[in-house]
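Raw contents of structure.tsv, TSV, C-alpha atoms:
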chain	number	residue	atom	x	y	z
A	891	MET	CA	121.67	102.05	95.69
A	892	LYS	CA	118.28	103.66	95.19
A	893	LEU	CA	115.51	103.53	97.69
A	894	ARG	CA	112.18	105.07	98.40
A	895	ILE	CA	111.01	106.07	101.85
A	896	ILE	CA	107.29	106.58	102.37
A	897	VAL	CA	106.21	108.59	105.40
A	898	THR	CA	102.53	108.57	106.39
A	899	LEU	CA	100.60	109.82	109.39
A	900	LYS	CA	99.72	107.18	111.96
A	901	ASN	CA	96.11	106.11	112.24
A	902	GLY	CA	94.22	108.38	114.58
A	903	VAL	CA	96.38	111.43	113.86
A	904	LEU	CA	94.32	114.26	112.38
A	905	ASP	CA	95.26	115.13	108.80
A	906	PRO	CA	94.00	118.63	107.92
A	907	GLN	CA	95.79	118.59	104.55
A	908	GLY	CA	93.99	115.38	103.61
A	909	LYS	CA	90.66	116.79	104.75
A	910	ALA	CA	91.21	119.96	102.71
A	911	ILE	CA	91.95	117.87	99.61
A	912	GLN	CA	88.85	115.74	100.24
A	913	HIS	CA	86.64	118.85	100.42
A	914	ALA	CA	88.31	120.40	97.37
A	915	LEU	CA	87.67	117.25	95.33
A	916	GLY	CA	84.02	117.39	96.40
A	917	GLY	CA	83.88	121.03	95.36
A	918	LEU	CA	85.27	120.12	91.94
A	919	GLY	CA	82.35	117.73	91.46
A	920	PHE	CA	84.02	114.42	92.27
A	921	ASP	CA	81.52	112.44	94.31
A	922	GLY	CA	82.28	109.49	96.52
A	923	VAL	CA	85.61	110.63	97.92
A	924	GLU	CA	85.36	108.97	101.32
A	925	ASP	CA	88.79	109.69	102.74
A	926	VAL	CA	92.10	111.29	101.79
A	927	ARG	CA	95.36	111.03	103.73
A	928	ALA	CA	98.43	112.97	102.66
A	929	GLY	CA	101.98	111.78	103.14
A	930	LYS	CA	105.52	112.25	101.89
A	931	ILE	CA	107.84	110.23	99.74
A	932	PHE	CA	111.62	110.54	99.52
A	933	GLU	CA	113.70	108.98	96.77
A	934	LEU	CA	117.30	108.57	97.91
A	935	VAL	CA	120.45	107.55	96.10
A	936	LEU	CA	122.95	106.22	98.65
A	937	ALA	CA	126.46	104.82	98.37
A	938	ASP	CA	126.38	101.07	97.76
A	939	GLY	CA	126.70	99.12	100.96
A	940	THR	CA	124.90	101.62	103.19
A	941	SER	CA	123.62	99.51	106.06
A	942	ASP	CA	119.96	99.02	106.89
A	943	GLU	CA	120.72	100.40	110.36
A	944	ALA	CA	122.02	103.65	108.85
A	945	ILE	CA	118.93	103.97	106.65
A	946	ASP	CA	116.69	103.36	109.64
A	947	GLU	CA	118.55	106.00	111.62
A	948	MET	CA	118.13	108.56	108.79
A	949	CYS	CA	114.38	107.97	108.94
A	950	ARG	CA	114.16	108.25	112.70
A	951	LYS	CA	116.47	111.27	113.02
A	952	LEU	CA	115.36	113.38	110.10
A	953	LEU	CA	112.84	112.06	107.60
A	954	ALA	CA	109.99	110.98	109.85
A	955	ASN	CA	108.57	112.21	113.12
A	956	THR	CA	107.97	108.82	114.73
A	957	VAL	CA	105.64	110.28	117.35
A	958	ILE	CA	102.97	110.85	114.71
A	959	GLU	CA	104.31	109.24	111.54
A	960	ASN	CA	105.09	105.77	110.22
A	961	TYR	CA	107.76	105.15	107.64
A	962	ARG	CA	108.42	102.34	105.21
A	963	VAL	CA	111.62	101.71	103.22
A	964	GLU	CA	111.41	100.18	99.74
A	965	LYS	CA	114.58	99.26	97.88
A	966	LEU	CA	114.39	99.81	94.14
B	1434	MET	CA	88.24	101.19	96.69
B	1435	LYS	CA	91.58	102.29	98.09
B	1436	LEU	CA	94.33	103.75	96.01
B	1437	ARG	CA	97.61	105.50	96.39
B	1438	ILE	CA	98.72	108.40	94.21
B	1439	ILE	CA	102.42	109.20	94.12
B	1440	VAL	CA	103.41	112.67	92.90
B	1441	THR	CA	107.07	113.34	92.13
B	1442	LEU	CA	108.93	116.19	90.47
B	1443	LYS	CA	109.86	115.62	86.86
B	1444	ASN	CA	113.49	115.02	86.02
B	1445	GLY	CA	115.30	118.28	85.51
B	1446	VAL	CA	113.08	120.25	87.87
B	1447	LEU	CA	115.07	121.71	90.77
B	1448	ASP	CA	114.14	120.24	94.16
B	1449	PRO	CA	115.30	122.58	96.95
B	1450	GLN	CA	113.56	120.49	99.62
B	1451	GLY	CA	115.44	117.40	98.50
B	1452	LYS	CA	118.72	119.31	98.43
B	1453	ALA	CA	118.10	120.64	101.96
B	1454	ILE	CA	117.46	117.09	103.20
B	1455	GLN	CA	120.61	115.85	101.47
B	1456	HIS	CA	122.72	118.52	103.18
B	1457	ALA	CA	121.04	117.90	106.54
B	1458	LEU	CA	121.79	114.17	106.32
B	1459	GLY	CA	125.43	115.02	105.57
B	1460	GLY	CA	125.47	117.33	108.56
B	1461	LEU	CA	124.14	114.54	110.76
B	1462	GLY	CA	127.13	112.42	109.77
B	1463	PHE	CA	125.54	110.19	107.13
B	1464	ASP	CA	128.09	109.87	104.35
B	1465	GLY	CA	127.40	108.76	100.82
B	1466	VAL	CA	124.03	110.43	100.33
B	1467	GLU	CA	124.27	111.11	96.61
B	1468	ASP	CA	120.81	112.44	95.86
B	1469	VAL	CA	117.47	113.08	97.54
B	1470	ARG	CA	114.21	113.92	95.79
B	1471	ALA	CA	111.09	114.78	97.78
B	1472	GLY	CA	107.57	114.00	96.65
B	1473	LYS	CA	104.02	113.54	97.91
B	1474	ILE	CA	101.79	110.57	98.40
B	1475	PHE	CA	98.00	110.58	98.75
B	1476	GLU	CA	95.99	107.64	100.00
B	1477	LEU	CA	92.40	107.87	98.81
B	1478	VAL	CA	89.30	105.89	99.64
B	1479	LEU	CA	86.82	106.25	96.78
B	1480	ALA	CA	83.36	104.86	96.12
B	1481	ASP	CA	83.55	101.50	94.39
B	1482	GLY	CA	83.24	101.83	90.67
B	1483	THR	CA	84.94	105.21	90.36
B	1484	SER	CA	86.25	105.26	86.81
B	1485	ASP	CA	89.92	105.46	85.89
B	1486	GLU	CA	89.08	108.61	83.92
B	1487	ALA	CA	87.71	110.31	87.04
B	1488	ILE	CA	90.82	109.34	89.03
B	1489	ASP	CA	93.04	110.68	86.29
B	1490	GLU	CA	91.07	113.92	86.25
B	1491	MET	CA	91.47	114.32	90.05
B	1492	CYS	CA	95.22	114.05	89.60
B	1493	ARG	CA	95.40	116.52	86.74
B	1494	LYS	CA	93.00	119.06	88.25
B	1495	LEU	CA	94.09	119.05	91.88
B	1496	LEU	CA	96.66	116.58	93.14
B	1497	ALA	CA	99.53	117.11	90.72
B	1498	ASN	CA	100.87	120.10	88.82
B	1499	THR	CA	101.55	118.35	85.53
B	1500	VAL	CA	103.81	121.15	84.31
B	1501	ILE	CA	106.49	120.10	86.79
B	1502	GLU	CA	105.24	116.87	88.37
B	1503	ASN	CA	104.56	113.30	87.35
B	1504	TYR	CA	101.93	111.18	89.03
B	1505	ARG	CA	101.36	107.47	89.33
B	1506	VAL	CA	98.22	105.67	90.51
B	1507	GLU	CA	98.51	102.38	92.42
B	1508	LYS	CA	95.38	100.45	93.32
B	1509	LEU	CA	95.57	98.66	96.68
Can you give me the file's structure in the form of structure tokens?
Amino acid sequence: MKLRIIVTLKNGVLDPQGKAIQHALGGLGFDGVEDVRAGKIFELVLADGTSDEAIDEMCRKLLANTVIENYRVEKL
Amino acid sequence: MKLRIIVTLKNGVLDPQGKAIQHALGGLGFDGVEDVRAGKIFELVLADGTSDEAIDEMCRKLLANTVIENYRVEKL
């Protein structure tokens, strides 16, 4: 089974990478960039029948830092 | 306007970060992890009316390295 896990910073958590990208886009002449937030995406191929609980545990134990990040699982 | 830009490595490009995650998941006791690929996601808020050409140019000039990465734009 293939799935995609999207990890993004929670609202209110400062995102210096996003801010740097926003300023760089301005410097390149792109006007009207109001906000940029950077996140991560993981595309996993798992054995068929891997349980949702196991997938959730992978996210919480390794892929996302749930103190500051949200994650979302999309099955493909 | 809000949009999401997903940047992933092209097929055939080695992904050491993904491999490290795959091994780490194995080490944590998760069996059956067959492949992991890591990528980036950017959530942008742009001025309304920003053209598709400008968005495409942002991706090619700054957000993605088109030699080794693909990008995809999703409007939200």
task = Give the answer as one residue: which of A:Leu936, A:Val963, A:Cys949, A:Leu899 has the shortest atom-to-atom distance to chain B, using only C-alpha atoms?
result =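 Once distances to chain B are computed over only C-alpha atoms, the minimum belongs to A:Leu936.
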inquiry  = Using all atoms listed in the file, can you tell me which of B:Glu1486, B:Asp1448, B:Ile1439, B:Ile1501 comes closest to chain A?
reply    = B:Ile1439
Output as a tab-separated table one row per residue of chain B within 7 Å of chain A: the closest atom pair and its distance in Å to one decimal place, counting only C-alpha atoms, sorted by chain and residue number ascending.
residue	atom	partner	partner_atom	distance
B:Gly1465	CA	A:Ala937	CA	4.7
B:Val1466	CA	A:Leu936	CA	4.7
B:Glu1467	CA	A:Val935	CA	5.2
B:Asp1468	CA	A:Val935	CA	4.9
B:Val1469	CA	A:Leu934	CA	4.5
B:Arg1470	CA	A:Glu933	CA	5.1
B:Ala1471	CA	A:Phe932	CA	4.6
B:Gly1472	CA	A:Ile931	CA	4.9
B:Lys1473	CA	A:Lys930	CA	4.4
B:Ile1474	CA	A:Gly929	CA	4.9
B:Phe1475	CA	A:Ala928	CA	4.6
B:Glu1476	CA	A:Arg927	CA	5.1
B:Leu1477	CA	A:Val926	CA	4.5
B:Val1478	CA	A:Asp925	CA	4.9
B:Leu1479	CA	A:Val923	CA	4.7
B:Ala1480	CA	A:Gly922	CA	4.8
Between atom CA of Asn955 of chain A and atom CA of Asn1444 of chain B, distance in Å (one decimal) =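 A separation of 27.7 Å between them.
A straight line drawn from atom CA of Lys1452 of chain B to atom CA of Arg1493 of chain B is 26.2 Å long.
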remark   = Expressed in Å, the length from atom CA of Ser1484 of chain B to atom CA of Gly916 of chain A is 15.6 Å
Calculate, to one decimal in Å, the centre and edge lengths of the box along x, y and z of the file that holds all listed atoms of segment 902-912 of chain A with 8 Å of margin on each side, and present them as JSON.
{"center_x": 92.6, "center_y": 114.2, "center_z": 107.1, "size_x": 23.5, "size_y": 27.6, "size_z": 31.0}
Written-out segment 1456-1497 of chain B (N, CA and C atoms) as a PDB file, in the first residue's frame:
ATOM      1  N   HIS B1456      15.176   2.796   7.451  1.00  0.00           N
ATOM      2  CA  HIS B1456      15.938   1.973   8.388  1.00  0.00           C
ATOM      3  C   HIS B1456      15.532   2.265   9.822  1.00  0.00           C
ATOM      4  N   ALA B1457      15.276   3.536  10.127  1.00  0.00           N
ATOM      5  CA  ALA B1457      14.894   3.899  11.497  1.00  0.00           C
ATOM      6  C   ALA B1457      13.552   3.265  11.855  1.00  0.00           C
ATOM      7  N   LEU B1458      12.622   3.261  10.908  1.00  0.00           N
ATOM      8  CA  LEU B1458      11.316   2.627  11.179  1.00  0.00           C
ATOM      9  C   LEU B1458      11.503   1.135  11.437  1.00  0.00           C
ATOM     10  N   GLY B1459      12.371   0.491  10.633  1.00  0.00           N
ATOM     11  CA  GLY B1459      12.677  -0.918  10.882  1.00  0.00           C
ATOM     12  C   GLY B1459      13.245  -1.129  12.282  1.00  0.00           C
ATOM     13  N   GLY B1460      14.150  -0.242  12.659  1.00  0.00           N
ATOM     14  CA  GLY B1460      14.770  -0.332  13.972  1.00  0.00           C
ATOM     15  C   GLY B1460      13.788  -0.132  15.110  1.00  0.00           C
ATOM     16  N   LEU B1461      12.728   0.606  14.847  1.00  0.00           N
ATOM     17  CA  LEU B1461      11.693   0.830  15.869  1.00  0.00           C
ATOM     18  C   LEU B1461      10.704  -0.331  15.924  1.00  0.00           C
ATOM     19  N   GLY B1462      10.896  -1.324  15.051  1.00  0.00           N
ATOM     20  CA  GLY B1462      10.042  -2.508  15.111  1.00  0.00           C
ATOM     21  C   GLY B1462       8.894  -2.507  14.119  1.00  0.00           C
ATOM     22  N   PHE B1463       8.860  -1.520  13.216  1.00  0.00           N
ATOM     23  CA  PHE B1463       7.804  -1.518  12.197  1.00  0.00           C
ATOM     24  C   PHE B1463       8.269  -2.366  11.016  1.00  0.00           C
ATOM     25  N   ASP B1464       7.618  -3.490  10.811  1.00  0.00           N
ATOM     26  CA  ASP B1464       7.994  -4.363   9.705  1.00  0.00           C
ATOM     27  C   ASP B1464       7.235  -3.966   8.440  1.00  0.00           C
ATOM     28  N   GLY B1465       7.786  -4.383   7.323  1.00  0.00           N
ATOM     29  CA  GLY B1465       7.045  -4.203   6.075  1.00  0.00           C
ATOM     30  C   GLY B1465       7.117  -2.814   5.492  1.00  0.00           C
ATOM     31  N   VAL B1466       8.114  -2.014   5.929  1.00  0.00           N
ATOM     32  CA  VAL B1466       8.294  -0.702   5.295  1.00  0.00           C
ATOM     33  C   VAL B1466       9.164  -0.918   4.065  1.00  0.00           C
ATOM     34  N   GLU B1467       8.539  -0.864   2.882  1.00  0.00           N
ATOM     35  CA  GLU B1467       9.241  -1.244   1.661  1.00  0.00           C
ATOM     36  C   GLU B1467       9.994  -0.091   1.018  1.00  0.00           C
ATOM     37  N   ASP B1468       9.470   1.118   1.180  1.00  0.00           N
ATOM     38  CA  ASP B1468      10.161   2.267   0.599  1.00  0.00           C
ATOM     39  C   ASP B1468       9.691   3.542   1.281  1.00  0.00           C
ATOM     40  N   VAL B1469      10.600   4.499   1.403  1.00  0.00           N
ATOM     41  CA  VAL B1469      10.249   5.820   1.922  1.00  0.00           C
ATOM     42  C   VAL B1469      10.948   6.851   1.043  1.00  0.00           C
ATOM     43  N   ARG B1470      10.189   7.845   0.598  1.00  0.00           N
ATOM     44  CA  ARG B1470      10.779   8.967  -0.132  1.00  0.00           C
ATOM     45  C   ARG B1470      10.396  10.240   0.607  1.00  0.00           C
ATOM     46  N   ALA B1471      11.355  11.120   0.810  1.00  0.00           N
ATOM     47  CA  ALA B1471      11.094  12.361   1.533  1.00  0.00           C
ATOM     48  C   ALA B1471      10.990  13.517   0.549  1.00  0.00           C
ATOM     49  N   GLY B1472      10.097  14.434   0.829  1.00  0.00           N
ATOM     50  CA  GLY B1472       9.943  15.612  -0.020  1.00  0.00           C
ATOM     51  C   GLY B1472       9.587  16.832   0.808  1.00  0.00           C
ATOM     52  N   LYS B1473       9.259  17.914   0.120  1.00  0.00           N
ATOM     53  CA  LYS B1473       8.949  19.176   0.800  1.00  0.00           C
ATOM     54  C   LYS B1473       7.601  19.686   0.353  1.00  0.00           C
ATOM     55  N   ILE B1474       6.964  20.424   1.245  1.00  0.00           N
ATOM     56  CA  ILE B1474       5.691  21.027   0.892  1.00  0.00           C
ATOM     57  C   ILE B1474       5.715  22.483   1.339  1.00  0.00           C
ATOM     58  N   PHE B1475       5.240  23.362   0.478  1.00  0.00           N
ATOM     59  CA  PHE B1475       5.187  24.791   0.809  1.00  0.00           C
ATOM     60  C   PHE B1475       3.750  25.266   0.682  1.00  0.00           C
ATOM     61  N   GLU B1476       3.275  25.927   1.726  1.00  0.00           N
ATOM     62  CA  GLU B1476       1.936  26.507   1.676  1.00  0.00           C
ATOM     63  C   GLU B1476       2.093  28.011   1.527  1.00  0.00           C
ATOM     64  N   LEU B1477       1.612  28.533   0.415  1.00  0.00           N
ATOM     65  CA  LEU B1477       1.788  29.954   0.107  1.00  0.00           C
ATOM     66  C   LEU B1477       0.462  30.688   0.142  1.00  0.00           C
ATOM     67  N   VAL B1478       0.496  31.917   0.628  1.00  0.00           N
ATOM     68  CA  VAL B1478      -0.633  32.831   0.480  1.00  0.00           C
ATOM     69  C   VAL B1478      -0.167  33.936  -0.447  1.00  0.00           C
ATOM     70  N   LEU B1479      -0.802  34.034  -1.613  1.00  0.00           N
ATOM     71  CA  LEU B1479      -0.402  35.023  -2.617  1.00  0.00           C
ATOM     72  C   LEU B1479      -1.528  36.018  -2.836  1.00  0.00           C
ATOM     73  N   ALA B1480      -1.172  37.184  -3.366  1.00  0.00           N
ATOM     74  CA  ALA B1480      -2.185  38.172  -3.729  1.00  0.00           C
ATOM     75  C   ALA B1480      -3.128  37.558  -4.759  1.00  0.00           C
ATOM     76  N   ASP B1481      -4.407  37.860  -4.614  1.00  0.00           N
ATOM     77  CA  ASP B1481      -5.367  37.354  -5.595  1.00  0.00           C
ATOM     78  C   ASP B1481      -4.960  37.815  -6.987  1.00  0.00           C
ATOM     79  N   GLY B1482      -5.148  36.942  -7.940  1.00  0.00           N
ATOM     80  CA  GLY B1482      -4.844  37.312  -9.310  1.00  0.00           C
ATOM     81  C   GLY B1482      -3.409  37.034  -9.725  1.00  0.00           C
ATOM     82  N   THR B1483      -2.606  36.455  -8.834  1.00  0.00           N
ATOM     83  CA  THR B1483      -1.257  36.066  -9.249  1.00  0.00           C
ATOM     84  C   THR B1483      -1.375  35.037 -10.374  1.00  0.00           C
ATOM     85  N   SER B1484      -0.635  35.252 -11.439  1.00  0.00           N
ATOM     86  CA  SER B1484      -0.805  34.401 -12.624  1.00  0.00           C
ATOM     87  C   SER B1484      -0.147  33.036 -12.423  1.00  0.00           C
ATOM     88  N   ASP B1485      -0.659  32.059 -13.152  1.00  0.00           N
ATOM     89  CA  ASP B1485      -0.074  30.724 -13.113  1.00  0.00           C
ATOM     90  C   ASP B1485       1.383  30.759 -13.570  1.00  0.00           C
ATOM     91  N   GLU B1486       1.685  31.670 -14.514  1.00  0.00           N
ATOM     92  CA  GLU B1486       3.060  31.765 -15.011  1.00  0.00           C
ATOM     93  C   GLU B1486       3.994  32.215 -13.886  1.00  0.00           C
ATOM     94  N   ALA B1487       3.532  33.185 -13.071  1.00  0.00           N
ATOM     95  CA  ALA B1487       4.362  33.672 -11.973  1.00  0.00           C
ATOM     96  C   ALA B1487       4.594  32.555 -10.948  1.00  0.00           C
ATOM     97  N   ILE B1488       3.540  31.785 -10.673  1.00  0.00           N
ATOM     98  CA  ILE B1488       3.670  30.684  -9.704  1.00  0.00           C
ATOM     99  C   ILE B1488       4.682  29.657 -10.220  1.00  0.00           C
ATOM    100  N   ASP B1489       4.559  29.355 -11.499  1.00  0.00           N
ATOM    101  CA  ASP B1489       5.468  28.392 -12.106  1.00  0.00           C
ATOM    102  C   ASP B1489       6.916  28.888 -12.039  1.00  0.00           C
ATOM    103  N   GLU B1490       7.082  30.183 -12.249  1.00  0.00           N
ATOM    104  CA  GLU B1490       8.422  30.766 -12.203  1.00  0.00           C
ATOM    105  C   GLU B1490       8.998  30.699 -10.786  1.00  0.00           C
ATOM    106  N   MET B1491       8.155  30.942  -9.765  1.00  0.00           N
ATOM    107  CA  MET B1491       8.618  30.825  -8.368  1.00  0.00           C
ATOM    108  C   MET B1491       9.160  29.425  -8.112  1.00  0.00           C
ATOM    109  N   CYS B1492       8.435  28.425  -8.626  1.00  0.00           N
ATOM    110  CA  CYS B1492       8.863  27.043  -8.406  1.00  0.00           C
ATOM    111  C   CYS B1492      10.196  26.786  -9.075  1.00  0.00           C
ATOM    112  N   ARG B1493      10.311  27.232 -10.337  1.00  0.00           N
ATOM    113  CA  ARG B1493      11.521  26.908 -11.096  1.00  0.00           C
ATOM    114  C   ARG B1493      12.731  27.696 -10.612  1.00  0.00           C
ATOM    115  N   LYS B1494      12.493  28.942 -10.147  1.00  0.00           N
ATOM    116  CA  LYS B1494      13.620  29.772  -9.735  1.00  0.00           C
ATOM    117  C   LYS B1494      14.069  29.515  -8.314  1.00  0.00           C
ATOM    118  N   LEU B1495      13.131  29.146  -7.423  1.00  0.00           N
ATOM    119  CA  LEU B1495      13.515  29.075  -6.012  1.00  0.00           C
ATOM    120  C   LEU B1495      13.094  27.792  -5.298  1.00  0.00           C
ATOM    121  N   LEU B1496      11.854  27.372  -5.492  1.00  0.00           N
ATOM    122  CA  LEU B1496      11.320  26.337  -4.600  1.00  0.00           C
ATOM    123  C   LEU B1496      11.784  24.932  -4.963  1.00  0.00           C
ATOM    124  N   ALA B1497      11.979  24.675  -6.238  1.00  0.00           N
ATOM    125  CA  ALA B1497      12.378  23.329  -6.657  1.00  0.00           C
ATOM    126  C   ALA B1497      13.650  23.396  -7.486  1.00  0.00           C
TER     127      ALA B1497
END
